[in-house]
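Text of the file query.cif, holding mmCIF, C-alpha atoms:
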data_coords
loop_
_atom_site.group_PDB
_atom_site.id
_atom_site.type_symbol
_atom_site.label_atom_id
_atom_site.label_comp_id
_atom_site.auth_asym_id
_atom_site.auth_seq_id
_atom_site.Cartn_x
_atom_site.Cartn_y
_atom_site.Cartn_z
ATOM 1 C CA MET V 1 -16.363 -38.091 11.711
ATOM 2 C CA LYS V 2 -18.553 -36.132 14.079
ATOM 3 C CA THR V 3 -21.925 -35.048 12.712
ATOM 4 C CA GLN V 4 -22.688 -32.475 15.415
ATOM 5 C CA VAL V 5 -20.736 -29.577 16.867
ATOM 6 C CA GLU V 6 -21.613 -27.174 19.659
ATOM 7 C CA PHE V 7 -19.844 -23.838 19.929
ATOM 8 C CA ARG V 8 -20.084 -20.341 21.317
ATOM 9 C CA SER V 9 -20.004 -17.143 19.261
ATOM 10 C CA SER V 10 -21.433 -13.648 19.443
ATOM 11 C CA LYS V 11 -21.254 -13.305 15.639
ATOM 12 C CA PHE V 12 -24.772 -14.626 14.909
ATOM 13 C CA PRO V 13 -27.344 -12.518 16.792
ATOM 14 C CA PRO V 14 -31.034 -12.966 15.945
ATOM 15 C CA TYR V 15 -32.782 -10.871 13.325
ATOM 16 C CA ASP V 16 -35.696 -8.793 14.583
ATOM 17 C CA GLY V 17 -38.754 -11.062 14.572
ATOM 18 C CA GLU V 18 -36.754 -14.218 13.787
ATOM 19 C CA GLN V 19 -37.868 -15.970 16.972
ATOM 20 C CA GLU V 20 -41.485 -15.677 15.798
ATOM 21 C CA GLN V 21 -40.540 -17.710 12.693
ATOM 22 C CA ILE V 22 -39.362 -20.674 14.772
ATOM 23 C CA ASN V 23 -39.788 -20.642 18.574
ATOM 24 C CA PRO V 24 -39.164 -18.120 21.364
ATOM 25 C CA GLY V 25 -35.545 -18.158 22.500
ATOM 26 C CA LEU V 26 -34.321 -19.905 19.338
ATOM 27 C CA TRP V 27 -32.650 -18.372 16.284
ATOM 28 C CA GLY V 28 -29.716 -18.935 13.917
ATOM 29 C CA LYS V 29 -30.639 -17.596 10.492
ATOM 30 C CA ARG V 30 -27.424 -15.531 10.330
ATOM 31 C CA LEU V 31 -25.468 -18.728 11.038
ATOM 32 C CA ALA V 32 -27.429 -20.583 8.326
ATOM 33 C CA GLU V 33 -26.649 -17.779 5.863
ATOM 34 C CA TYR V 34 -22.983 -18.026 6.860
ATOM 35 C CA PHE V 35 -23.025 -21.764 6.084
ATOM 36 C CA VAL V 36 -24.647 -21.135 2.691
ATOM 37 C CA ARG V 37 -21.872 -18.636 1.812
ATOM 38 C CA LYS V 38 -19.075 -20.942 3.016
ATOM 39 C CA LEU V 39 -20.524 -23.995 1.248
ATOM 40 C CA SER V 40 -20.861 -21.958 -1.946
ATOM 41 C CA GLU V 41 -17.205 -20.915 -1.690
ATOM 42 C CA LYS V 42 -16.352 -24.656 -1.651
ATOM 43 C CA GLY V 43 -18.511 -25.229 -4.754
ATOM 44 C CA ILE V 44 -21.300 -26.902 -2.768
ATOM 45 C CA LYS V 45 -24.784 -25.826 -3.817
ATOM 46 C CA THR V 46 -27.609 -25.447 -1.341
ATOM 47 C CA GLU V 47 -31.316 -24.891 -1.634
ATOM 48 C CA GLN V 48 -33.483 -22.350 0.171
ATOM 49 C CA ILE V 49 -32.985 -22.186 3.949
ATOM 50 C CA ILE V 50 -36.006 -23.610 5.784
ATOM 51 C CA ALA V 51 -37.246 -22.443 9.197
ATOM 52 C CA GLU V 52 -37.915 -25.338 11.567
ATOM 53 C CA ASP V 53 -39.241 -25.211 15.135
ATOM 54 C CA TRP V 54 -35.713 -25.956 16.475
ATOM 55 C CA GLY V 55 -33.654 -23.752 14.117
ATOM 56 C CA TRP V 56 -32.683 -23.669 10.430
ATOM 57 C CA TYR V 57 -32.455 -26.475 7.851
ATOM 58 C CA ILE V 58 -30.112 -26.003 4.861
ATOM 59 C CA PRO V 59 -30.741 -28.594 2.126
ATOM 60 C CA VAL V 60 -27.547 -29.450 0.238
ATOM 61 C CA GLN V 61 -27.830 -30.400 -3.421
ATOM 62 C CA ASN V 62 -26.571 -33.953 -3.486
ATOM 63 C CA GLU V 63 -27.163 -36.973 -5.684
ATOM 64 C CA GLY V 64 -27.981 -40.299 -4.123
ATOM 65 C CA PHE V 65 -29.367 -39.338 -0.706
ATOM 66 C CA ARG V 66 -30.915 -36.506 1.282
ATOM 67 C CA LEU V 67 -28.324 -34.214 2.861
ATOM 68 C CA ALA V 68 -28.639 -31.057 4.947
ATOM 69 C CA VAL V 69 -26.728 -28.923 7.396
ATOM 70 C CA CYS V 70 -28.858 -27.864 10.361
ATOM 71 C CA CYS V 71 -28.095 -25.120 12.853
ATOM 72 C CA GLY V 72 -29.485 -22.862 15.502
ATOM 73 C CA HIS V 73 -29.124 -21.226 18.870
ATOM 74 C CA GLN V 74 -29.379 -23.626 21.772
ATOM 75 C CA ASP V 75 -31.273 -22.924 24.952
ATOM 76 C CA GLY V 76 -28.951 -21.187 27.366
ATOM 77 C CA ASP V 77 -26.624 -18.258 26.851
ATOM 78 C CA ASP V 78 -27.184 -16.079 23.777
ATOM 79 C CA ASP V 79 -23.873 -17.225 22.268
ATOM 80 C CA GLU V 80 -24.527 -21.018 22.333
ATOM 81 C CA PHE V 81 -25.123 -22.737 18.991
ATOM 82 C CA VAL V 82 -25.343 -26.249 17.609
ATOM 83 C CA CYS V 83 -24.820 -27.485 14.040
ATOM 84 C CA PHE V 84 -25.505 -31.000 12.821
ATOM 85 C CA THR V 85 -26.044 -32.948 9.638
ATOM 86 C CA ASP V 86 -29.128 -34.710 8.335
ATOM 87 C CA PRO V 87 -28.706 -37.636 8.141
ATOM 88 C CA SER V 88 -26.976 -37.755 11.504
ATOM 89 C CA THR V 89 -24.783 -40.736 10.646
ATOM 90 C CA PRO V 90 -21.264 -40.301 9.209
ATOM 91 C CA VAL V 91 -21.890 -43.009 6.566
ATOM 92 C CA VAL V 92 -25.094 -43.414 4.531
ATOM 93 C CA LYS V 93 -26.385 -45.630 1.728
ATOM 94 C CA ASN V 94 -26.963 -43.860 -1.561
ATOM 95 C CA SER V 95 -29.681 -44.734 -4.097
ATOM 96 C CA SER V 96 -27.578 -47.621 -5.485
ATOM 97 C CA LYS V 97 -27.203 -49.056 -1.930
ATOM 98 C CA ARG V 98 -23.490 -48.144 -1.773
ATOM 99 C CA LEU V 99 -22.114 -46.781 1.476
ATOM 100 C CA MET V 100 -21.006 -43.164 1.148
ATOM 101 C CA PRO V 101 -18.958 -41.311 3.772
ATOM 102 C CA LEU V 102 -20.765 -38.068 4.531
ATOM 103 C CA HIS V 103 -17.553 -36.023 4.372
ATOM 104 C CA ASN V 104 -17.218 -36.944 0.674
ATOM 105 C CA SER V 105 -20.582 -35.330 -0.107
ATOM 106 C CA LEU V 106 -19.587 -32.137 1.678
ATOM 107 C CA GLY V 107 -16.148 -32.048 0.050
ATOM 108 C CA LEU V 108 -14.400 -32.301 3.410
ATOM 109 C CA PRO V 109 -11.098 -34.025 4.148
ATOM 110 C CA ARG V 110 -11.494 -37.484 5.699
ATOM 111 C CA ARG V 111 -10.353 -36.362 9.155
ATOM 112 C CA CYS V 112 -12.307 -33.103 9.173
ATOM 113 C CA SER V 113 -15.027 -33.055 11.827
ATOM 114 C CA ARG V 114 -16.447 -29.611 11.065
ATOM 115 C CA PHE V 115 -16.138 -26.583 8.834
ATOM 116 C CA SER V 116 -13.481 -24.085 9.739
ATOM 117 C CA LEU V 117 -15.754 -21.494 11.305
ATOM 118 C CA ARG V 118 -13.764 -18.450 12.251
ATOM 119 C CA ILE V 119 -15.602 -18.129 15.511
ATOM 120 C CA GLN V 120 -14.803 -17.741 19.144
ATOM 121 C CA LYS V 121 -13.874 -21.084 20.750
ATOM 122 C CA SER V 122 -16.012 -22.464 23.533
ATOM 123 C CA LYS V 123 -14.792 -21.575 26.985
ATOM 124 C CA LYS V 124 -16.182 -24.812 28.449
#
Structure rendered as structure tokens:
Amino acid sequence: MKTQVEFRSSKFPPYDGEQEQINPGLWGKRLAEYFVRKLSEKGIKTEQIIAEDWGWYIPVQNEGFRLAVCCGHQDGDDDEFVCFTDPSTPVVKNSSKRLMPLHNSLGLPRRCSRFSLRIQKSKK
């Protein structure tokens, strides 16, 4: 399972002043809010979105180990974004030292490498 995806979309423009919350040229709060809505629709609870210097950190309520979805605009064209998980490995050890596939914690099918974002596909 991939733990990072890069894509292009014009659906997540920056909020006014958002770049001052993180770093100039970086944004993605609308994308983070989109993830929170989509995760909620799947019954996955999140905590408050956190601004980081690289983008937005979305803590996912999860027992056994830390889990978050991270996202933001990448340097480059205004429609370039990246999303990744924290931890960045597809399998982690939970508090009882058992290996847990990350897709189980996110309620994803085994072969699913990303959420079904209804976004424009990359032209690369």
- Find the residues around stretch 48-61 of chain V up to 12 Å (only C-alpha atoms counted), leave out those fewer than 5 positions away in its own chain, and share them as a count of residues only. 45
Extending 6 Å beyond the listed atoms of stretch 13-19 of chain V on each side, what axis-aligned box results? I want centre and edge lengths in Å to one decimal, as AutoDock Vina command-line options.
--center_x -33.0 --center_y -12.4 --center_z 15.1 --size_x 23.4 --size_y 19.2 --size_z 15.6
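Atom CA of V:Ser10 is found 24.3 Å from atom CA of V:Lys42.
One finds atom CA of V:Gln4 at 13.5 Å from atom CA of V:Glu80.
A straight-line distance of 15.9 Å separates atom CA of V:Thr3 from atom CA of V:Phe65.
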Generate N, CA and C atoms for stretch 41-67 of chain V and emit them as a PDB file, in the frame of the given file.
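Saved file selection_20.pdb follows:
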ATOM      1  N   GLU V  41     -18.630 -21.149  -1.426  1.00  0.00           N
ATOM      2  CA  GLU V  41     -17.205 -20.915  -1.690  1.00  0.00           C
ATOM      3  C   GLU V  41     -16.463 -22.219  -1.971  1.00  0.00           C
ATOM      4  N   LYS V  42     -16.954 -23.333  -1.418  1.00  0.00           N
ATOM      5  CA  LYS V  42     -16.352 -24.656  -1.651  1.00  0.00           C
ATOM      6  C   LYS V  42     -16.959 -25.350  -2.870  1.00  0.00           C
ATOM      7  N   GLY V  43     -17.867 -24.647  -3.576  1.00  0.00           N
ATOM      8  CA  GLY V  43     -18.511 -25.229  -4.754  1.00  0.00           C
ATOM      9  C   GLY V  43     -19.679 -26.138  -4.418  1.00  0.00           C
ATOM     10  N   ILE V  44     -20.181 -26.060  -3.199  1.00  0.00           N
ATOM     11  CA  ILE V  44     -21.300 -26.902  -2.768  1.00  0.00           C
ATOM     12  C   ILE V  44     -22.573 -26.078  -2.844  1.00  0.00           C
ATOM     13  N   LYS V  45     -23.535 -26.552  -3.618  1.00  0.00           N
ATOM     14  CA  LYS V  45     -24.784 -25.826  -3.817  1.00  0.00           C
ATOM     15  C   LYS V  45     -25.814 -26.216  -2.762  1.00  0.00           C
ATOM     16  N   THR V  46     -26.541 -25.219  -2.310  1.00  0.00           N
ATOM     17  CA  THR V  46     -27.609 -25.447  -1.341  1.00  0.00           C
ATOM     18  C   THR V  46     -28.921 -24.976  -1.930  1.00  0.00           C
ATOM     19  N   GLU V  47     -29.987 -25.361  -1.258  1.00  0.00           N
ATOM     20  CA  GLU V  47     -31.316 -24.891  -1.634  1.00  0.00           C
ATOM     21  C   GLU V  47     -31.753 -23.846  -0.618  1.00  0.00           C
ATOM     22  N   GLN V  48     -32.974 -23.390  -0.716  1.00  0.00           N
ATOM     23  CA  GLN V  48     -33.483 -22.350   0.171  1.00  0.00           C
ATOM     24  C   GLN V  48     -33.449 -22.801   1.631  1.00  0.00           C
ATOM     25  N   ILE V  49     -33.006 -21.920   2.508  1.00  0.00           N
ATOM     26  CA  ILE V  49     -32.985 -22.186   3.949  1.00  0.00           C
ATOM     27  C   ILE V  49     -34.424 -22.327   4.433  1.00  0.00           C
ATOM     28  N   ILE V  50     -34.660 -23.332   5.285  1.00  0.00           N
ATOM     29  CA  ILE V  50     -36.006 -23.610   5.784  1.00  0.00           C
ATOM     30  C   ILE V  50     -36.046 -23.397   7.290  1.00  0.00           C
ATOM     31  N   ALA V  51     -37.038 -22.641   7.758  1.00  0.00           N
ATOM     32  CA  ALA V  51     -37.246 -22.443   9.197  1.00  0.00           C
ATOM     33  C   ALA V  51     -37.909 -23.694   9.769  1.00  0.00           C
ATOM     34  N   GLU V  52     -37.336 -24.209  10.836  1.00  0.00           N
ATOM     35  CA  GLU V  52     -37.915 -25.338  11.567  1.00  0.00           C
ATOM     36  C   GLU V  52     -38.217 -24.863  12.983  1.00  0.00           C
ATOM     37  N   ASP V  53     -38.921 -25.651  13.778  1.00  0.00           N
ATOM     38  CA  ASP V  53     -39.241 -25.211  15.135  1.00  0.00           C
ATOM     39  C   ASP V  53     -38.024 -25.207  16.050  1.00  0.00           C
ATOM     40  N   TRP V  54     -36.940 -25.865  15.677  1.00  0.00           N
ATOM     41  CA  TRP V  54     -35.713 -25.956  16.475  1.00  0.00           C
ATOM     42  C   TRP V  54     -34.584 -25.075  15.953  1.00  0.00           C
ATOM     43  N   GLY V  55     -34.725 -24.531  14.727  1.00  0.00           N
ATOM     44  CA  GLY V  55     -33.654 -23.752  14.117  1.00  0.00           C
ATOM     45  C   GLY V  55     -33.813 -23.701  12.608  1.00  0.00           C
ATOM     46  N   TRP V  56     -32.702 -23.847  11.886  1.00  0.00           N
ATOM     47  CA  TRP V  56     -32.683 -23.669  10.430  1.00  0.00           C
ATOM     48  C   TRP V  56     -32.110 -24.890   9.723  1.00  0.00           C
ATOM     49  N   TYR V  57     -32.775 -25.287   8.640  1.00  0.00           N
ATOM     50  CA  TYR V  57     -32.455 -26.475   7.851  1.00  0.00           C
ATOM     51  C   TYR V  57     -31.951 -26.001   6.493  1.00  0.00           C
ATOM     52  N   ILE V  58     -30.731 -26.426   6.123  1.00  0.00           N
ATOM     53  CA  ILE V  58     -30.112 -26.003   4.861  1.00  0.00           C
ATOM     54  C   ILE V  58     -29.949 -27.232   3.963  1.00  0.00           C
ATOM     55  N   PRO V  59     -30.889 -27.460   3.040  1.00  0.00           N
ATOM     56  CA  PRO V  59     -30.741 -28.594   2.126  1.00  0.00           C
ATOM     57  C   PRO V  59     -29.526 -28.413   1.225  1.00  0.00           C
ATOM     58  N   VAL V  60     -28.736 -29.458   1.091  1.00  0.00           N
ATOM     59  CA  VAL V  60     -27.547 -29.450   0.238  1.00  0.00           C
ATOM     60  C   VAL V  60     -27.869 -30.253  -1.011  1.00  0.00           C
ATOM     61  N   GLN V  61     -27.591 -29.669  -2.177  1.00  0.00           N
ATOM     62  CA  GLN V  61     -27.830 -30.400  -3.421  1.00  0.00           C
ATOM     63  C   GLN V  61     -26.842 -31.550  -3.490  1.00  0.00           C
ATOM     64  N   ASN V  62     -27.379 -32.751  -3.575  1.00  0.00           N
ATOM     65  CA  ASN V  62     -26.571 -33.953  -3.486  1.00  0.00           C
ATOM     66  C   ASN V  62     -27.287 -35.086  -4.209  1.00  0.00           C
ATOM     67  N   GLU V  63     -26.558 -35.826  -5.001  1.00  0.00           N
ATOM     68  CA  GLU V  63     -27.163 -36.973  -5.684  1.00  0.00           C
ATOM     69  C   GLU V  63     -27.031 -38.215  -4.827  1.00  0.00           C
ATOM     70  N   GLY V  64     -28.058 -39.007  -4.783  1.00  0.00           N
ATOM     71  CA  GLY V  64     -27.981 -40.299  -4.123  1.00  0.00           C
ATOM     72  C   GLY V  64     -28.669 -40.393  -2.785  1.00  0.00           C
ATOM     73  N   PHE V  65     -28.673 -39.309  -1.991  1.00  0.00           N
ATOM     74  CA  PHE V  65     -29.367 -39.338  -0.706  1.00  0.00           C
ATOM     75  C   PHE V  65     -29.610 -37.920  -0.205  1.00  0.00           C
ATOM     76  N   ARG V  66     -30.594 -37.798   0.683  1.00  0.00           N
ATOM     77  CA  ARG V  66     -30.915 -36.506   1.282  1.00  0.00           C
ATOM     78  C   ARG V  66     -29.734 -36.047   2.133  1.00  0.00           C
ATOM     79  N   LEU V  67     -29.417 -34.751   2.075  1.00  0.00           N
ATOM     80  CA  LEU V  67     -28.324 -34.214   2.861  1.00  0.00           C
ATOM     81  C   LEU V  67     -28.645 -32.778   3.233  1.00  0.00           C
TER      82      LEU V  67
END
